[in-house]
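Heads up, the thing below is written out as structure tokens.
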Amino acid sequence: MNKNVTKQFNSFEVIKGLVLLGIPTAHITQRCIASEMDQMILYISPYIFLFAVLGAPIFMICSGFKIGIQKNYKSLLKNGIFFLLIGLIYNIFIFFIPQLIEDVFLNKNIINDIDLCFYGVIYNFIGLFYIFYAILIKHKVSFIKILLITIILFVVNSFFEHYVNIDSNINIISPLLGNFVYVKDNSAFPLFAYLIFPCIGVLLKKILTNNKKDTSDYIFVIMIGISTGSFFLMSIFTKYILHQNILDYLMLNKDRLNVLGVLIIASLTLFFIGLIHFLYKISFLKPIYNFMQKISFNIIPYFTIHGLIYSYFFHILNIMGINLNFIGFIITCIIVTAATSFISIKWGPKIMRFLLKPLNKIINIKNK
């Protein structure tokens, strides 16, 4: 059943592949901005960050769709723990170790480097959502109640953002808490803030799989229509009530999601999902779709490998005191993306088997 559903809606995997393909450029740009490099990079960075702002929720919605297909509590729980362990490994090798090496070379304080082991990367978010959804499945919670819980947790996150001043310099506690609610400098994807997006994916799964295959196209048409109309209305609202361009509003609030921000992102992501669903039917684009699917199927190798390459590369540059110019930035983005794609597609399954064997022993949860 799961394979048939996944095959029927392969467009979701294509979308995830598109998002993943742009991640190296987004992260490299972030590093360049943090290092105050070339002014041309600063000029184009808002457009790249806009992709990142939209890319993460799109990825979460597509992931929620796939997670929603699963019904086995132990399998969901096992996957959740697996992603949390992968997140810990990722943080240690991509953030902690290279930062420690750099700080030792440059005689900087290394005490706070341990915080980096618990930073809220996308792996942690997916792992926590798996566990969240597993608990709900076990207790047979209806989707209406899931939506209500999501709204309550979103309000809790908003309360923390505006009224609770958490010291971001507190070792371990801040990054750990940042996995759940917004903590300045310690939150990338707090669960309570972004929970709505994979829940939208679960809802899409319920809508699309509860209808006949030949009616799914009509649902995607409706999805495009509703998302386009809502985006138009919100554009008018932001322009004439808030006196801002809608995309500028989105960028200004990218670090702290609010209700309007969620609605804007949701409308755009639903539009792209519907659009790519129909583009997926164009036969001469099949090679591109197949490539995107291979990237999506090897998500863990792809995300981890690109992190290893760009992280150590920039820490070496910092140690040597070298800044990238715009040409170097372009070349770096191309090489990192190409190398990551090649390694992930060619050796991704072997990398996964290498990771799964020891982690499965740690998790030690048997599926029914």
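Letters A, B, ... mark the chains of the structure tokens in the order given; residue numbers begin at 1 per chain; ligand numbers begin at 1, in order shown.
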
Inset, instruction - Looking only at alpha helix (DSSP H) from DSSP on the backbone, list the matching residues of segment 36-197 of chain A as a PyMOL selection string. - result: chain A and resi 39-69+73-90+97-105+122-138+143-163+173-177+191-194+196-197

So which residues touch Ile219 of chain A within 12 Å, counting only C-alpha atoms, skipping near sequence neighbours fewer than 6 positions away, as a PDB file with C-alpha atoms, in the first residue's frame?
```
ATOM      1  CA  LEU A 204      -2.797  16.207   2.058  1.00  0.00           C
ATOM      2  CA  LYS A 205      -2.109  12.497   2.413  1.00  0.00           C
ATOM      3  CA  LYS A 206      -5.545  11.958   3.916  1.00  0.00           C
ATOM      4  CA  ILE A 207      -7.273  14.002   1.207  1.00  0.00           C
ATOM      5  CA  LEU A 208      -5.385  12.546  -1.757  1.00  0.00           C
ATOM      6  CA  THR A 209      -5.346   8.886  -0.698  1.00  0.00           C
ATOM      7  CA  ASN A 210      -9.027   8.886   0.297  1.00  0.00           C
ATOM      8  CA  ASN A 211     -10.026   9.796  -3.255  1.00  0.00           C
ATOM      9  CA  LYS A 212      -9.857   7.846  -6.486  1.00  0.00           C
ATOM     10  CA  LYS A 213      -6.697   8.235  -8.555  1.00  0.00           C
ATOM     11  CA  GLY A 225      -6.766  27.889  -7.065  1.00  0.00           C
ATOM     12  CA  ILE A 226      -7.150  28.252  -3.298  1.00  0.00           C
ATOM     13  CA  LEU A 270       0.661  24.428  -1.843  1.00  0.00           C
ATOM     14  CA  PHE A 271       0.847  26.321  -5.136  1.00  0.00           C
ATOM     15  CA  ILE A 273       3.231  21.366  -4.949  1.00  0.00           C
ATOM     16  CA  GLY A 274       0.172  21.573  -7.219  1.00  0.00           C
ATOM     17  CA  LEU A 275       2.145  23.085 -10.093  1.00  0.00           C
ATOM     18  CA  HIS A 277       2.339  17.713  -9.780  1.00  0.00           C
ATOM     19  CA  PHE A 278       1.212  18.694 -13.290  1.00  0.00           C
TER      20      PHE A 278
END
```

Sort by chain and increasing residue number a table of all residues of segment 263-368 of chain A within 8 Å of segment 230-243 of chain A, each with its closest pair of atoms and their distance in Å to one decimal, counting only C-alpha atoms, and write it as JSON lines.
```
{"residue": "A:Ile264", "atom": "CA", "partner": "A:Phe231", "partner_atom": "CA", "distance": 6.3}
{"residue": "A:Ser267", "atom": "CA", "partner": "A:Phe231", "partner_atom": "CA", "distance": 5.9}
{"residue": "A:Leu268", "atom": "CA", "partner": "A:Phe231", "partner_atom": "CA", "distance": 7.1}
```

Inset, instruction - Find the residue from A:Thr150, A:Ser283, A:Gln99, A:Ser158 that sits nearest to Tyr312 of chain A; use only C-alpha atoms when measuring. - result: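 Looking at the shortest contact to Tyr312 of chain A, the residue is A:Gln99.
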
Inset, instruction - Would you please work out which residue, of A:Met60, A:Gly120, A:Lys286, A:Leu191, is nearest to Gly87 of chain A when using only C-alpha atoms? - result: A:Gly120

Inset, instruction - Quote the spacing between atom CA of Asn179 of chain A and atom CA of Ile131 of chain A in Å to one decimal place. - result: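 For atom CA of Asn179 of chain A relative to atom CA of Ile131 of chain A, the distance reads 13.5 Å.
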
Inset, instruction - Would you work out the distance separating atom CA of Gln293 of chain A from atom CA of Val14 of chain A, expressed in Å to one decimal? - result: 5.2 Å

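Comparing A:Phe65, A:Tyr47, A:Tyr123, A:Phe284 by their smallest distance to Ile299 of chain A, the closest is A:Tyr123 (using only C-alpha atoms).
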
Inset, instruction - Tell me which protein, DNA and RNA residues are within 6 Å of Ser344 of chain A, counting only C-alpha atoms, leaving out same-chain ones fewer than 4 positions away, and put them as a list in words. - result: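 Result of the neighbour search: Pro301, Tyr302, Thr340 and Gly348 of chain A.
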
Next, the residues of the selection above should be written as an mmCIF file, in the first residue's frame with N, CA and C atoms.
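As written to disk, part_23.cif reads:
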```cif
data_model
loop_
_atom_site.group_PDB
_atom_site.id
_atom_site.type_symbol
_atom_site.label_atom_id
_atom_site.label_comp_id
_atom_site.auth_asym_id
_atom_site.auth_seq_id
_atom_site.Cartn_x
_atom_site.Cartn_y
_atom_site.Cartn_z
ATOM 1 N N PRO A 301 22.319 10.903 3.154
ATOM 2 C CA PRO A 301 23.677 11.076 2.613
ATOM 3 C C PRO A 301 23.897 12.457 2.004
ATOM 4 N N TYR A 302 22.905 12.950 1.249
ATOM 5 C CA TYR A 302 23.058 14.241 0.572
ATOM 6 C C TYR A 302 23.242 15.363 1.586
ATOM 7 N N THR A 340 28.335 16.669 -3.994
ATOM 8 C CA THR A 340 27.351 16.067 -3.077
ATOM 9 C C THR A 340 26.359 15.207 -3.835
ATOM 10 N N GLY A 348 25.089 6.557 -1.955
ATOM 11 C CA GLY A 348 24.085 6.815 -0.924
ATOM 12 C C GLY A 348 23.581 5.577 -0.201
#
```

Inset, instruction - Tell me, in Å to one decimal, how far atom CA of Ile33 of chain A is from atom CA of Ile331 of chain A. - result: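 Distance between the two atoms: 16.5 Å.
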
Inset, instruction - Using only C-alpha atoms, find the one residue out of A:Ile300, A:Val336, A:Ile152, A:Ile196 that sits nearest to Leu85 of chain A. - result: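 Closest to Leu85 of chain A, using only C-alpha atoms: A:Ile300.
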
Legend entry - Contact residues around segment 333-335 of chain A with only C-alpha atoms at 8 Å, ignoring same-chain residues under 4 positions, as JSON, numbers by chain: {"A": [24, 25, 28, 329, 339]}

Inset, instruction - Mind checking which residues fall within 12 Å of Ile114 of chain A, counting only C-alpha atoms, ignoring those fewer than 4 positions away in the same chain, and posting them as a list of chain:residue names? - result: A:Leu88, A:Asn91, A:Ile92, A:Phe93, A:Phe95, A:Phe96, A:Ile97, A:Pro98, A:Gln99, A:Leu100, A:Asn109, A:Ile110, A:Phe118, A:Tyr119, A:Asn169, A:Ile170, A:Asn171, A:Ile172, A:Ile173, A:Ser174, A:Pro175, A:Leu176

Legend entry - Top pick for closest residue to Phe189 of chain A, considering A:Leu260, A:Ile126, A:Leu250, A:Ile224 and counting only C-alpha atoms: A:Ile126

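Here the question is which of A:Val121, A:Leu84, A:Ile89, A:Leu203 gets nearest to Ser63 of chain A using only C-alpha atoms, and that residue is A:Leu203.
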
Inset, instruction - Using only C-alpha atoms, determine which residues lie at most 12 Å from segment 319-327 of chain A, disregarding the query and same-chain residues fewer than 4 positions distant; provide the list as a PyMOL selection string. - result: chain A and resi 28-29+31-45+98-108+312-315+331-334

Expected file contents, prior selection, N, CA and C atoms, as a CSV table (one decimal), in the first residue's frame:
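The file below, out.csv, is the result:
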```csv
chain,number,residue,atom,x,y,z
A,28,ILE,N,26.1,27.9,2.0
A,28,ILE,CA,27.4,28.5,1.7
A,28,ILE,C,27.2,30.1,1.7
A,29,THR,N,26.0,30.5,1.3
A,29,THR,CA,25.7,32.0,1.4
A,29,THR,C,25.7,32.4,2.8
A,31,ARG,N,27.2,31.2,5.3
A,31,ARG,CA,28.6,31.3,5.8
A,31,ARG,C,29.3,32.5,5.3
A,32,CYS,N,29.1,32.8,4.1
A,32,CYS,CA,29.7,34.0,3.5
A,32,CYS,C,29.3,35.3,4.2
A,33,ILE,N,28.0,35.4,4.4
A,33,ILE,CA,27.4,36.5,5.1
A,33,ILE,C,28.0,36.7,6.5
A,34,ALA,N,28.1,35.5,7.2
A,34,ALA,CA,28.6,35.5,8.6
A,34,ALA,C,30.0,36.0,8.6
A,35,SER,N,30.8,35.7,7.5
A,35,SER,CA,32.2,36.1,7.5
A,35,SER,C,32.4,37.5,6.8
A,36,GLU,N,31.3,38.1,6.5
A,36,GLU,CA,31.3,39.5,5.9
A,36,GLU,C,32.2,39.5,4.6
A,37,MET,N,31.9,38.6,3.7
A,37,MET,CA,32.7,38.4,2.5
A,37,MET,C,32.2,39.4,1.4
A,38,ASP,N,32.4,39.1,0.1
A,38,ASP,CA,32.1,39.9,-1.0
A,38,ASP,C,30.8,40.7,-1.0
A,39,GLN,N,30.8,41.9,-1.4
A,39,GLN,CA,29.5,42.7,-1.4
A,39,GLN,C,28.5,42.2,-2.4
A,40,MET,N,29.0,41.6,-3.5
A,40,MET,CA,28.1,41.0,-4.5
A,40,MET,C,27.3,39.9,-3.9
A,41,ILE,N,27.9,39.1,-3.0
A,41,ILE,CA,27.2,38.0,-2.3
A,41,ILE,C,26.2,38.6,-1.4
A,42,LEU,N,26.5,39.7,-0.8
A,42,LEU,CA,25.5,40.4,0.1
A,42,LEU,C,24.3,40.8,-0.7
A,43,TYR,N,24.6,41.3,-2.0
A,43,TYR,CA,23.5,41.8,-2.8
A,43,TYR,C,22.5,40.7,-3.2
A,44,ILE,N,23.0,39.5,-3.6
A,44,ILE,CA,22.1,38.4,-4.0
A,44,ILE,C,21.6,37.6,-2.9
A,45,SER,N,22.1,37.7,-1.7
A,45,SER,CA,21.8,36.9,-0.6
A,45,SER,C,20.3,36.9,-0.2
A,98,PRO,N,34.7,20.8,13.7
A,98,PRO,CA,35.4,21.8,12.9
A,98,PRO,C,35.5,23.1,13.7
A,99,GLN,N,34.5,23.5,14.5
A,99,GLN,CA,34.6,24.7,15.2
A,99,GLN,C,35.6,24.6,16.3
A,100,LEU,N,35.7,23.4,17.0
A,100,LEU,CA,36.7,23.2,18.0
A,100,LEU,C,38.1,23.3,17.4
A,101,ILE,N,38.3,22.7,16.2
A,101,ILE,CA,39.6,22.8,15.6
A,101,ILE,C,40.0,24.3,15.3
A,102,GLU,N,39.0,25.0,14.7
A,102,GLU,CA,39.3,26.4,14.4
A,102,GLU,C,39.6,27.2,15.7
A,103,ASP,N,38.8,27.0,16.7
A,103,ASP,CA,39.0,27.7,18.0
A,103,ASP,C,40.4,27.4,18.6
A,104,VAL,N,40.8,26.2,18.5
A,104,VAL,CA,42.2,25.8,19.0
A,104,VAL,C,43.3,26.5,18.2
A,105,PHE,N,43.1,26.5,16.9
A,105,PHE,CA,44.1,27.1,16.0
A,105,PHE,C,44.2,28.6,16.3
A,106,LEU,N,43.0,29.2,16.5
A,106,LEU,CA,43.0,30.7,16.6
A,106,LEU,C,43.0,31.2,18.1
A,107,ASN,N,43.2,30.2,19.0
A,107,ASN,CA,43.3,30.5,20.5
A,107,ASN,C,42.0,31.1,21.0
A,108,LYS,N,40.9,30.6,20.6
A,108,LYS,CA,39.6,31.2,21.0
A,108,LYS,C,39.0,30.3,22.2
A,312,TYR,N,33.9,22.1,6.7
A,312,TYR,CA,35.3,22.1,6.9
A,312,TYR,C,36.0,23.1,5.9
A,313,PHE,N,35.4,23.2,4.7
A,313,PHE,CA,36.0,24.2,3.8
A,313,PHE,C,36.1,25.6,4.4
A,314,PHE,N,35.0,26.0,5.0
A,314,PHE,CA,34.9,27.4,5.5
A,314,PHE,C,35.7,27.6,6.8
A,315,HIS,N,35.8,26.5,7.6
A,315,HIS,CA,36.6,26.6,8.8
A,315,HIS,C,38.1,26.7,8.4
A,331,ILE,N,31.8,29.3,-7.9
A,331,ILE,CA,32.6,28.0,-8.1
A,331,ILE,C,32.3,27.1,-6.9
A,332,THR,N,32.4,27.6,-5.7
A,332,THR,CA,32.2,26.8,-4.5
A,332,THR,C,30.8,26.1,-4.5
A,333,CYS,N,29.8,26.9,-4.8
A,333,CYS,CA,28.4,26.4,-4.8
A,333,CYS,C,28.3,25.3,-5.9
A,334,ILE,N,28.8,25.5,-7.1
A,334,ILE,CA,28.7,24.5,-8.1
A,334,ILE,C,29.4,23.2,-7.7
```

Do you have, as JSON lines, the list of residues of segment 99-187 of chain A lying at most 9 Å from segment 71-81 of chain A, each with its nearest atom pair and that distance in Å to one decimal, counting only C-alpha atoms and ordered by chain then number?
```
{"residue": "A:Asn124", "atom": "CA", "partner": "A:Gly80", "partner_atom": "CA", "distance": 8.5}
{"residue": "A:Ile126", "atom": "CA", "partner": "A:Gly80", "partner_atom": "CA", "distance": 7.0}
{"residue": "A:Gly127", "atom": "CA", "partner": "A:Gly80", "partner_atom": "CA", "distance": 3.9}
{"residue": "A:Leu128", "atom": "CA", "partner": "A:Gly80", "partner_atom": "CA", "distance": 6.1}
{"residue": "A:Phe129", "atom": "CA", "partner": "A:Gly80", "partner_atom": "CA", "distance": 7.2}
{"residue": "A:Tyr130", "atom": "CA", "partner": "A:Gly80", "partner_atom": "CA", "distance": 4.6}
{"residue": "A:Ile131", "atom": "CA", "partner": "A:Leu77", "partner_atom": "CA", "distance": 5.2}
{"residue": "A:Phe132", "atom": "CA", "partner": "A:Leu77", "partner_atom": "CA", "distance": 8.6}
{"residue": "A:Tyr133", "atom": "CA", "partner": "A:Leu76", "partner_atom": "CA", "distance": 7.5}
{"residue": "A:Ala134", "atom": "CA", "partner": "A:Tyr73", "partner_atom": "CA", "distance": 5.1}
{"residue": "A:Ile135", "atom": "CA", "partner": "A:Tyr73", "partner_atom": "CA", "distance": 7.4}
{"residue": "A:Leu136", "atom": "CA", "partner": "A:Tyr73", "partner_atom": "CA", "distance": 9.0}
{"residue": "A:Ile137", "atom": "CA", "partner": "A:Tyr73", "partner_atom": "CA", "distance": 6.5}
{"residue": "A:Lys138", "atom": "CA", "partner": "A:Tyr73", "partner_atom": "CA", "distance": 5.9}
```
